file my_file02.tsv (TSV, C-alpha atoms)
chain	number	residue	atom	x	y	z
A	241	MET	CA	108.44	-37.13	92.78
A	242	ARG	CA	105.49	-35.14	93.90
A	243	LYS	CA	105.78	-32.11	96.09
A	244	GLY	CA	104.22	-32.41	99.53
A	245	THR	CA	103.19	-35.47	101.48
A	246	TYR	CA	101.16	-38.66	101.29
A	247	ARG	CA	97.99	-36.84	102.25
A	248	HIS	CA	96.31	-37.44	98.88
A	249	ILE	CA	96.55	-41.24	99.03
A	250	ILE	CA	93.58	-41.98	101.25
A	251	VAL	CA	91.47	-39.29	99.56
A	252	PHE	CA	91.91	-41.01	96.21
A	253	LEU	CA	91.48	-44.47	97.70
A	254	ILE	CA	88.15	-43.65	99.36
A	255	ALA	CA	86.90	-41.94	96.20
A	256	GLY	CA	88.14	-44.86	94.16
A	257	ILE	CA	86.31	-47.50	96.18
A	258	ALA	CA	83.10	-45.53	95.79
A	259	ALA	CA	83.68	-45.21	92.05
A	260	ALA	CA	84.46	-48.90	91.72
A	261	SER	CA	81.08	-49.79	93.18
A	262	LEU	CA	79.31	-47.67	90.55
A	263	TRP	CA	81.25	-48.13	87.34
A	264	ALA	CA	80.79	-51.13	85.11
A	265	SER	CA	83.86	-53.22	84.48
A	266	GLY	CA	85.62	-52.31	81.26
A	267	GLY	CA	89.11	-52.19	79.88
A	268	SER	CA	91.39	-50.93	77.18
A	269	GLU	CA	91.18	-53.01	74.05
A	270	GLY	CA	94.15	-53.43	71.76
A	271	ALA	CA	94.00	-54.24	68.05
A	272	GLY	CA	96.30	-57.16	68.74
A	273	ASP	CA	96.21	-59.77	71.49
A	274	ARG	CA	99.62	-61.28	72.27
A	275	ASN	CA	97.98	-63.90	74.51
A	276	SER	CA	96.11	-65.35	71.53
A	277	GLY	CA	99.08	-64.98	69.20
A	278	ASP	CA	97.64	-61.98	67.30
A	279	ILE	CA	100.14	-59.11	67.61
A	280	SER	CA	99.69	-57.65	64.12
A	281	GLU	CA	99.15	-54.20	65.62
A	282	PRO	CA	100.35	-52.67	68.89
A	283	GLU	CA	98.22	-53.55	71.90
A	284	LYS	CA	96.66	-50.42	73.38
A	285	ILE	CA	97.52	-49.95	77.04
A	286	VAL	CA	96.39	-47.34	79.57
A	287	LEU	CA	98.84	-46.55	82.37
A	288	THR	CA	97.52	-44.33	85.15
A	289	LEU	CA	99.83	-42.28	87.31
A	290	ASP	CA	99.29	-41.88	91.03
A	291	TRP	CA	99.69	-38.11	91.03
A	292	VAL	CA	100.99	-35.37	88.76
A	293	PRO	CA	103.89	-36.42	86.51
A	294	ASN	CA	107.24	-36.42	88.31
A	295	THR	CA	110.56	-38.20	88.43
A	296	ASN	CA	109.08	-41.32	90.01
A	297	HIS	CA	107.42	-41.91	86.64
A	298	ILE	CA	110.54	-41.48	84.53
A	299	GLY	CA	110.67	-45.11	83.41
A	300	ALA	CA	107.27	-44.85	81.75
A	301	TYR	CA	108.12	-41.65	79.88
A	302	VAL	CA	111.47	-43.03	78.75
A	303	ALA	CA	109.89	-46.30	77.61
A	304	ARG	CA	107.20	-44.43	75.72
A	305	ASP	CA	109.34	-41.74	74.11
A	306	LEU	CA	112.40	-43.89	73.30
A	307	GLY	CA	110.23	-46.60	71.75
A	308	PHE	CA	110.71	-49.36	74.32
A	309	PHE	CA	106.96	-49.90	74.63
A	310	GLU	CA	106.59	-49.89	70.86
A	311	GLU	CA	109.33	-52.49	70.52
A	312	ALA	CA	107.37	-54.63	72.99
A	313	GLY	CA	104.27	-54.37	70.81
A	314	LEU	CA	102.49	-51.88	73.08
A	315	ASP	CA	100.86	-48.51	72.44
A	316	VAL	CA	100.86	-46.94	75.92
A	317	GLU	CA	98.75	-43.96	76.91
A	318	ILE	CA	99.79	-42.30	80.19
A	319	ILE	CA	96.93	-40.67	82.12
A	320	GLN	CA	96.46	-38.95	85.48
A	321	PRO	CA	93.74	-40.00	87.95
A	322	SER	CA	91.03	-37.47	88.71
A	323	GLU	CA	88.13	-38.29	90.99
A	324	ALA	CA	89.10	-41.97	91.24
A	325	SER	CA	92.29	-43.55	92.55
A	326	ALA	CA	94.77	-45.49	90.45
A	327	GLU	CA	93.75	-48.61	92.42
A	328	SER	CA	90.10	-48.31	91.46
A	329	LEU	CA	90.84	-47.49	87.82
A	330	VAL	CA	92.99	-50.59	87.56
A	331	ALA	CA	90.58	-52.79	89.53
A	332	ILE	CA	87.64	-52.00	87.25
A	333	GLY	CA	89.64	-52.15	84.03
A	334	LYS	CA	89.62	-48.46	83.15
A	335	ALA	CA	93.42	-48.64	83.24
A	336	ASP	CA	95.60	-51.67	82.56
A	337	PHE	CA	98.46	-50.72	84.85
A	338	GLY	CA	99.01	-48.02	87.43
A	339	TYR	CA	101.39	-46.37	89.84
A	340	SER	CA	100.38	-46.96	93.44
A	341	TYR	CA	101.96	-47.50	96.88
A	342	GLN	CA	102.36	-50.48	99.16
A	343	GLU	CA	100.11	-48.86	101.75
A	344	SER	CA	97.41	-48.14	99.14
A	345	VAL	CA	97.48	-51.73	97.85
A	346	THR	CA	97.22	-52.93	101.46
A	347	PHE	CA	94.19	-50.72	102.13
A	348	ALA	CA	92.62	-51.75	98.83
A	349	ARG	CA	92.95	-55.46	99.55
A	350	THR	CA	91.82	-55.33	103.17
A	351	GLY	CA	88.93	-52.89	102.80
A	352	GLU	CA	85.26	-53.75	103.17
A	353	ASP	CA	84.92	-53.48	99.39
A	354	GLU	CA	88.14	-55.22	98.38
A	355	LEU	CA	89.88	-54.05	95.22
A	356	PRO	CA	91.75	-57.05	93.72
A	357	VAL	CA	94.90	-55.25	92.61
A	358	VAL	CA	98.37	-56.76	92.70
A	359	ALA	CA	101.76	-55.04	92.95
A	360	LEU	CA	104.08	-56.13	90.15
A	361	ALA	CA	107.20	-54.04	90.74
A	362	ALA	CA	108.78	-51.67	93.23
A	363	VAL	CA	109.69	-48.45	91.48
A	364	ILE	CA	112.16	-47.56	94.26
A	365	GLN	CA	113.73	-50.12	96.58
A	366	HIS	CA	113.43	-48.11	99.79
A	367	ASN	CA	111.08	-45.53	101.23
A	368	THR	CA	112.77	-42.23	100.41
A	369	SER	CA	110.39	-40.10	102.46
A	370	GLY	CA	110.75	-38.53	105.88
A	371	PHE	CA	110.21	-35.44	107.99
A	372	ALA	CA	111.74	-32.21	106.74
A	373	SER	CA	112.03	-29.00	108.69
A	374	PRO	CA	113.78	-25.65	108.30
A	375	ALA	CA	117.23	-25.92	109.84
A	376	ASP	CA	116.52	-23.04	112.21
A	377	ARG	CA	113.91	-25.17	114.01
A	378	GLY	CA	116.71	-27.36	115.34
A	379	ILE	CA	114.94	-30.67	114.66
A	380	GLU	CA	117.69	-33.26	114.39
A	381	THR	CA	116.08	-36.20	116.22
A	382	ILE	CA	112.55	-37.36	117.03
A	383	ALA	CA	113.08	-36.07	120.57
A	384	ASP	CA	113.45	-32.57	119.10
A	385	LEU	CA	109.84	-32.70	117.88
A	386	GLU	CA	108.60	-31.88	121.38
A	387	GLY	CA	106.70	-28.61	121.25
A	388	MET	CA	106.74	-28.50	117.44
A	389	THR	CA	103.85	-28.26	114.96
A	390	TYR	CA	103.38	-30.97	112.35
A	391	GLY	CA	101.66	-30.00	109.11
A	392	GLY	CA	99.91	-32.88	107.41
A	393	TRP	CA	96.62	-34.15	106.09
A	394	GLY	CA	95.48	-35.59	109.40
A	395	SER	CA	95.10	-39.19	108.27
A	396	PRO	CA	95.02	-42.04	110.81
A	397	VAL	CA	98.21	-43.45	109.24
A	398	GLU	CA	100.09	-40.21	109.83
A	399	THR	CA	98.88	-40.04	113.42
A	400	ALA	CA	99.77	-43.66	114.18
A	401	MET	CA	103.19	-43.31	112.59
A	402	LEU	CA	103.99	-40.21	114.62
A	403	GLU	CA	102.72	-41.90	117.75
A	404	THR	CA	104.95	-44.93	117.18
A	405	LEU	CA	108.02	-42.79	116.66
A	406	LEU	CA	107.30	-40.46	119.58
A	407	GLU	CA	106.61	-43.28	122.04
A	408	ALA	CA	110.00	-44.79	121.24
A	409	GLU	CA	111.50	-41.56	122.62
A	410	GLY	CA	109.26	-41.40	125.67
A	411	LEU	CA	106.98	-38.78	124.14
A	412	SER	CA	103.35	-38.80	123.00
A	413	LEU	CA	101.12	-37.01	120.53
A	414	ASP	CA	100.28	-34.56	123.32
A	415	ASP	CA	103.85	-33.28	123.04
A	416	ILE	CA	103.35	-31.95	119.50
A	417	THR	CA	100.67	-29.96	117.70
A	418	LEU	CA	98.94	-31.60	114.74
A	419	LEU	CA	97.83	-29.14	112.08
A	420	ASN	CA	95.80	-30.01	108.99
A	421	SER	CA	97.70	-28.04	106.38
A	422	GLY	CA	95.94	-29.68	103.44
A	423	SER	CA	97.80	-29.46	100.15
A	424	ALA	CA	99.83	-26.41	101.19
A	425	ASP	CA	103.28	-26.09	99.65
A	426	PHE	CA	105.98	-27.25	102.07
A	427	PHE	CA	108.00	-24.06	101.80
A	428	ALA	CA	104.99	-21.81	102.22
A	429	ALA	CA	103.66	-23.82	105.17
A	430	THR	CA	106.98	-23.83	107.03
A	431	ASP	CA	107.29	-20.11	106.49
A	432	ARG	CA	104.18	-19.79	108.62
A	433	GLU	CA	102.93	-22.02	111.43
A	434	VAL	CA	104.30	-25.45	110.43
A	435	ASP	CA	107.63	-26.69	111.83
A	436	PHE	CA	107.93	-30.03	110.04
A	437	SER	CA	106.13	-32.09	107.42
A	438	TRP	CA	106.30	-35.42	105.58
A	439	VAL	CA	108.09	-35.10	102.23
A	440	PHE	CA	110.08	-37.01	99.64
A	441	GLU	CA	113.83	-36.61	99.88
A	442	GLY	CA	114.30	-36.81	96.12
A	443	TRP	CA	111.92	-33.94	95.45
A	444	THR	CA	111.49	-31.48	98.32
A	445	LEU	CA	115.07	-31.74	99.60
A	446	VAL	CA	116.39	-31.37	96.08
A	447	GLU	CA	114.18	-28.33	95.57
A	448	ALA	CA	115.45	-26.91	98.86
A	449	GLU	CA	119.04	-27.24	97.64
A	450	ILE	CA	118.16	-25.43	94.44
A	451	ARG	CA	116.45	-22.66	96.45
A	452	ASP	CA	119.37	-22.61	98.90
A	453	VAL	CA	117.00	-23.27	101.80
A	454	PRO	CA	118.76	-25.27	104.57
A	455	LEU	CA	116.65	-28.14	105.90
A	456	ASN	CA	117.00	-30.89	108.47
A	457	TYR	CA	115.70	-34.30	107.50
A	458	LEU	CA	114.65	-37.39	109.47
A	459	ASP	CA	114.65	-40.46	107.22
A	460	LEU	CA	111.64	-42.69	108.00
A	461	ALA	CA	113.39	-45.86	106.84
A	462	GLU	CA	116.24	-45.18	109.25
A	463	LEU	CA	113.96	-44.20	112.13
A	464	ASN	CA	112.03	-47.47	112.09
A	465	GLN	CA	112.43	-50.42	109.71
A	466	VAL	CA	108.65	-50.87	109.63
A	467	PHE	CA	108.40	-47.69	107.59
A	468	ASP	CA	110.88	-48.84	104.96
A	469	TYR	CA	108.18	-50.03	102.58
A	470	TYR	CA	107.74	-49.82	98.81
A	471	THR	CA	106.55	-46.48	97.53
A	472	PRO	CA	105.65	-46.31	94.72
A	473	VAL	CA	104.81	-49.65	93.08
A	474	ILE	CA	103.35	-50.73	89.73
A	475	ILE	CA	99.97	-52.47	89.93
A	476	ALA	CA	97.61	-54.48	87.74
A	477	SER	CA	94.34	-56.28	88.38
A	478	GLU	CA	94.07	-59.97	89.11
A	479	THR	CA	91.88	-60.26	86.01
A	480	LEU	CA	94.53	-58.79	83.72
A	481	LEU	CA	97.17	-61.12	85.12
A	482	GLU	CA	94.92	-64.13	84.64
A	483	GLU	CA	93.84	-63.24	81.11
A	484	ARG	CA	96.78	-61.22	79.72
A	485	GLY	CA	99.85	-62.39	81.53
A	486	ASP	CA	102.05	-62.02	78.46
A	487	THR	CA	100.98	-58.39	78.21
A	488	ALA	CA	102.10	-57.81	81.79
A	489	ARG	CA	105.48	-59.37	81.02
A	490	ALA	CA	105.93	-57.27	77.89
A	491	PHE	CA	104.91	-54.10	79.72
A	492	LEU	CA	107.29	-54.67	82.64
A	493	THR	CA	110.16	-55.60	80.34
A	494	ALA	CA	109.82	-52.29	78.50
A	495	LEU	CA	109.24	-50.33	81.71
A	496	SER	CA	112.33	-51.84	83.35
A	497	ARG	CA	114.36	-50.76	80.32
A	498	GLY	CA	113.07	-47.25	80.92
A	499	TYR	CA	114.23	-47.22	84.53
A	500	GLU	CA	117.56	-48.81	83.66
A	501	TYR	CA	118.09	-46.06	81.09
A	502	ALA	CA	117.35	-43.41	83.73
A	503	VAL	CA	119.86	-45.02	86.12
A	504	GLU	CA	122.59	-44.83	83.48
A	505	ASN	CA	121.54	-41.52	81.92
A	506	PRO	CA	119.91	-39.23	84.50
A	507	LEU	CA	120.67	-36.05	82.57
A	508	GLU	CA	119.20	-37.30	79.31
A	509	ALA	CA	116.24	-38.84	81.14
A	510	GLY	CA	115.57	-35.57	82.94
A	511	GLU	CA	115.63	-33.64	79.68
A	512	LEU	CA	113.23	-36.17	78.16
A	513	LEU	CA	110.83	-35.79	81.09
A	514	VAL	CA	110.85	-32.00	80.81
A	515	ASP	CA	110.16	-32.26	77.06
A	516	ALA	CA	107.16	-34.46	77.86
A	517	VAL	CA	106.01	-32.42	80.88
A	518	PRO	CA	107.24	-28.82	80.39
A	519	GLU	CA	105.82	-27.60	83.71
A	520	ILE	CA	108.51	-29.56	85.58
A	521	PRO	CA	111.55	-27.30	86.17
A	522	ALA	CA	114.51	-28.73	84.24
A	523	GLU	CA	117.04	-28.31	87.05
A	524	LEU	CA	114.71	-30.01	89.54
A	525	ALA	CA	114.05	-32.94	87.18
A	526	VAL	CA	117.74	-33.59	86.52
A	527	GLN	CA	118.89	-33.21	90.12
A	528	SER	CA	116.02	-35.37	91.37
A	529	LEU	CA	117.06	-38.12	88.96
A	530	GLU	CA	120.67	-37.76	90.06
A	531	PHE	CA	119.40	-38.70	93.52
A	532	LEU	CA	117.04	-41.43	92.34
A	533	LYS	CA	119.52	-43.19	90.05
A	534	ASP	CA	120.98	-44.92	93.11
A	535	GLU	CA	117.54	-45.68	94.57
A	536	PHE	CA	115.66	-47.27	91.66
A	537	ILE	CA	117.57	-50.57	91.94
A	538	ALA	CA	119.86	-50.07	94.96
A	539	GLU	CA	121.01	-53.46	96.26
A	540	ALA	CA	118.24	-55.47	94.54
A	541	PRO	CA	119.21	-58.05	91.89
A	542	ARG	CA	117.04	-56.24	89.31
A	543	TRP	CA	114.72	-53.28	89.00
A	544	GLY	CA	111.30	-53.94	90.52
A	545	GLU	CA	112.20	-56.86	92.81
A	546	MET	CA	110.13	-57.03	96.02
A	547	ARG	CA	110.48	-59.02	99.25
A	548	SER	CA	107.65	-60.48	101.30
A	549	ILE	CA	109.17	-59.35	104.61
A	550	VAL	CA	108.76	-55.72	103.55
A	551	TRP	CA	105.08	-56.30	102.83
A	552	SER	CA	104.33	-58.32	105.96
A	553	ARG	CA	106.24	-56.02	108.31
A	554	TYR	CA	104.26	-52.93	107.33
A	555	ALA	CA	100.93	-54.77	107.06
A	556	ASP	CA	101.41	-56.19	110.55
A	557	TRP	CA	102.01	-52.68	111.89
A	558	LEU	CA	98.87	-51.41	110.19
A	559	TYR	CA	96.85	-54.29	111.66
A	560	GLU	CA	98.29	-53.91	115.15
A	561	ASN	CA	97.41	-50.21	115.06
A	562	GLN	CA	93.85	-51.02	113.90
A	563	LEU	CA	94.36	-49.17	110.62
A	564	ILE	CA	93.16	-52.21	108.66
A	565	ASN	CA	90.37	-54.52	109.79
A	566	ARG	CA	91.95	-57.81	108.79
A	567	GLU	CA	95.36	-59.23	108.13
A	568	LEU	CA	96.79	-58.85	104.65
A	569	ASP	CA	97.25	-61.88	102.41
A	570	VAL	CA	100.80	-60.90	101.54
A	571	GLU	CA	101.43	-63.53	98.89
A	572	ALA	CA	98.31	-62.48	96.98
A	573	SER	CA	99.20	-58.79	97.18
A	574	PHE	CA	102.45	-58.76	95.22
A	575	THR	CA	104.43	-60.85	92.77
A	576	ASN	CA	107.81	-60.77	91.03
A	577	GLU	CA	106.62	-63.28	88.44
A	578	TYR	CA	106.15	-60.79	85.59
A	579	LEU	CA	109.49	-59.00	85.90
A	580	PRO	CA	112.07	-59.71	83.19
A	581	LYS	CA	114.42	-62.53	84.14
call {"tool": "encode", "arguments": {"input": "my_file02.tsv", "output": "structure tokens"}}
result
Amino acid sequence: MRKGTYRHIIVFLIAGIAAASLWASGGSEGAGDRNSGDISEPEKIVLTLDWVPNTNHIGAYVARDLGFFEEAGLDVEIIQPSEASAESLVAIGKADFGYSYQESVTFARTGEDELPVVALAAVIQHNTSGFASPADRGIETIADLEGMTYGGWGSPVETAMLETLLEAEGLSLDDITLLNSGSADFFAATDREVDFSWVFEGWTLVEAEIRDVPLNYLDLAELNQVFDYYTPVIIASETLLEERGDTARAFLTALSRGYEYAVENPLEAGELLVDAVPEIPAELAVQSLEFLKDEFIAEAPRWGEMRSIVWSRYADWLYENQLINRELDVEASFTNEYLPK
């Protein structure tokens, strides 16, 4: 779970759309093609992350390093996006699958230059992000934000979300100060001029516990149901699903095994992640997974399951707030079809 906020999402998405208009369509090519019956050798797959490796990605690392992908006939390479977003890499075939977010898929599919990507699975069943603040600021409700300084990226989505929440309490954006804090570390920023910021509970709050830094936290999903959307999600292109549907099924079967393993074995999964990505602090990885083990599946009948109401509710809010120019075709934007039965 990455440190900080969502501020990178739109940066990558804009860069990705530009890249998609310039790059020729390509794709990873495996030695075997399960869709034609030739699976003599593992099919080479590229999986792009959405950000730096973190506990959100544990299922992929478990599936790779415990051989679940190999057992499914797949040779999976995990990469990180650079100048292009995961959505654009997947749309143009430079990656077969990717980690994304419901909001990014919505922007991609409703933009002027539409990226035909489809969400295949919800990594986590509920939005586990919200506003964190040092406890000494006394922010326990949205009403307590009056007079406070918000540190974020300054995206229209952030502004509209804050406006929606503030108006419900009889406040407005004029009652807070918006500060573009860029990619500043949460703890460093709140030591200075920032009072609260948008973070992930399973990463920043866990890190705060380890540091023994008392924080207050306002859960977005509890503040307004509209903001209880899927983040992150697994995506593929429409082309891949049309031409290599069996590959998508094999990939998601192995990936779901990875997440199910992490749910049952958070300690072992955390140790595996740290072995694969040594820069992640071991204590943070394990404690983050202790939190996430109850979030990966939650009340859903299986890992990855998504509901149309979650997609339509958030898309409608984006459209009503003029953050997207046209309504989202919800049924074309996600599917549960490729999840294991």
call {"tool": "atom_distance", "arguments": {"input": "my_file02.tsv", "atom1": "CA of Leu418 in chain A", "atom2": "CA of Thr399 in chain A"}}
result
8.5 Å
call {"tool": "residues_around", "arguments": {"input": "my_file02.tsv", "residues": "Tyr469 in chain A", "least_positions_apart": "4", "cutoff": "9 Å", "atoms": "all atoms listed in the file", "output": "VMD selection string"}}
result
chain A and resid 341 to 343 365 to 367 461 465 550 to 551 553 to 554
call {"tool": "residues_around", "arguments": {"input": "my_file02.tsv", "residues": "range 527-532 of chain A", "least_positions_apart": "5", "cutoff": "8 Å", "atoms": "all atoms listed in the file", "output": "MDAnalysis selection string"}}
result
chainID A and resid 241 295 442:443 446 502:503 506:507 509:510
call {"tool": "atom_distance", "arguments": {"input": "my_file02.tsv", "atom1": "CA of Phe440 in chain A", "atom2": "CA of Thr368 in chain A"}}
result
5.9 Å
call {"tool": "atom_distance", "arguments": {"input": "my_file02.tsv", "atom1": "CA of Lys334 in chain A", "atom2": "CA of Glu545 in chain A"}}
result
26.0 Å
call {"tool": "closest_residue", "arguments": {"input": "my_file02.tsv", "among": "A:Gly391, A:Glu409, A:Pro521, A:Leu513", "to": "Ala428 in chain A", "atoms": "all atoms listed in the file"}}
result
A:Gly391
call {"tool": "residues_near_point", "arguments": {"input": "my_file02.tsv", "point": "(98.3, -57.7, 110.7)", "cutoff": "12 Å", "atoms": "only C-alpha atoms", "output": "JSON list (two decimals) with C-alpha atoms, in the coordinates of the input"}}
result
[["chain", "number", "residue", "atom", "x", "y", "z"],
["A", 346, "THR", "CA", 97.22, -52.93, 101.46],
["A", 347, "PHE", "CA", 94.19, -50.72, 102.13],
["A", 350, "THR", "CA", 91.82, -55.33, 103.17],
["A", 551, "TRP", "CA", 105.08, -56.30, 102.83],
["A", 552, "SER", "CA", 104.33, -58.32, 105.96],
["A", 553, "ARG", "CA", 106.24, -56.02, 108.31],
["A", 554, "TYR", "CA", 104.26, -52.93, 107.33],
["A", 555, "ALA", "CA", 100.93, -54.77, 107.06],
["A", 556, "ASP", "CA", 101.41, -56.19, 110.55],
["A", 557, "TRP", "CA", 102.01, -52.68, 111.89],
["A", 558, "LEU", "CA", 98.87, -51.41, 110.19],
["A", 559, "TYR", "CA", 96.85, -54.29, 111.66],
["A", 560, "GLU", "CA", 98.29, -53.91, 115.15],
["A", 561, "ASN", "CA", 97.41, -50.21, 115.06],
["A", 562, "GLN", "CA", 93.85, -51.02, 113.90],
["A", 563, "LEU", "CA", 94.36, -49.17, 110.62],
["A", 564, "ILE", "CA", 93.16, -52.21, 108.66],
["A", 565, "ASN", "CA", 90.37, -54.52, 109.79],
["A", 566, "ARG", "CA", 91.95, -57.81, 108.79],
["A", 567, "GLU", "CA", 95.36, -59.23, 108.13],
["A", 568, "LEU", "CA", 96.79, -58.85, 104.65],
["A", 569, "ASP", "CA", 97.25, -61.88, 102.41],
["A", 570, "VAL", "CA", 100.80, -60.90, 101.54]]
call {"tool": "closest_residue", "arguments": {"input": "my_file02.tsv", "among": "A:Met388, A:Val466, A:Leu579, A:Ala448", "to": "Glu433 in chain A", "atoms": "all atoms listed in the file"}}
result
A:Met388
call {"tool": "residues_around", "arguments": {"input": "my_file02.tsv", "residues": "Ile382 in chain A", "least_positions_apart": "5", "cutoff": "8 Å", "atoms": "only C-alpha atoms", "output": "ChimeraX atom specification"}}
result
/A:405-406,409,458
call {"tool": "decode", "arguments": {"input": "my_file02.tsv", "residues": "range 300-312 of chain A", "atoms": "N, CA, C and O atoms", "output": "short mmCIF file (atom, residue, chain, number, x, y, z; two decimals), in the first residue's frame"}}
result
data_model
loop_
_atom_site.label_atom_id
_atom_site.label_comp_id
_atom_site.auth_asym_id
_atom_site.auth_seq_id
_atom_site.Cartn_x
_atom_site.Cartn_y
_atom_site.Cartn_z
N ALA A 300 0.16 -10.95 -6.33
CA ALA A 300 1.00 -11.19 -7.50
C ALA A 300 2.36 -11.76 -7.11
O ALA A 300 2.88 -12.69 -7.76
N TYR A 301 2.95 -11.22 -6.04
CA TYR A 301 4.26 -11.72 -5.62
C TYR A 301 4.15 -13.13 -5.05
O TYR A 301 5.03 -13.97 -5.30
N VAL A 302 3.09 -13.41 -4.31
CA VAL A 302 2.88 -14.76 -3.81
C VAL A 302 2.68 -15.73 -4.98
O VAL A 302 3.30 -16.80 -5.02
N ALA A 303 1.83 -15.36 -5.92
CA ALA A 303 1.55 -16.24 -7.06
C ALA A 303 2.80 -16.50 -7.89
O ALA A 303 3.00 -17.62 -8.39
N ARG A 304 3.63 -15.48 -8.01
CA ARG A 304 4.87 -15.66 -8.77
C ARG A 304 5.87 -16.53 -8.00
O ARG A 304 6.42 -17.50 -8.54
N ASP A 305 6.11 -16.19 -6.74
CA ASP A 305 7.21 -16.81 -6.00
C ASP A 305 6.85 -18.16 -5.39
O ASP A 305 7.74 -18.95 -5.07
N LEU A 306 5.57 -18.46 -5.23
CA LEU A 306 5.15 -19.79 -4.77
C LEU A 306 4.73 -20.70 -5.91
O LEU A 306 4.25 -21.81 -5.69
N GLY A 307 4.87 -20.23 -7.15
CA GLY A 307 4.67 -21.08 -8.30
C GLY A 307 3.24 -21.21 -8.79
O GLY A 307 2.94 -22.05 -9.64
N PHE A 308 2.33 -20.36 -8.27
CA PHE A 308 0.94 -20.46 -8.71
C PHE A 308 0.78 -20.06 -10.18
O PHE A 308 0.00 -20.68 -10.91
N PHE A 309 1.51 -19.03 -10.60
CA PHE A 309 1.46 -18.65 -12.02
C PHE A 309 2.05 -19.76 -12.88
O PHE A 309 1.50 -20.11 -13.94
N GLU A 310 3.15 -20.32 -12.44
CA GLU A 310 3.79 -21.39 -13.20
C GLU A 310 2.86 -22.58 -13.36
O GLU A 310 2.76 -23.18 -14.45
N GLU A 311 2.16 -22.94 -12.28
CA GLU A 311 1.22 -24.05 -12.35
C GLU A 311 0.08 -23.76 -13.32
O GLU A 311 -0.53 -24.69 -13.88
N ALA A 312 -0.21 -22.47 -13.53
CA ALA A 312 -1.26 -22.08 -14.48
C ALA A 312 -0.73 -21.94 -15.90
O ALA A 312 -1.47 -21.52 -16.80
#
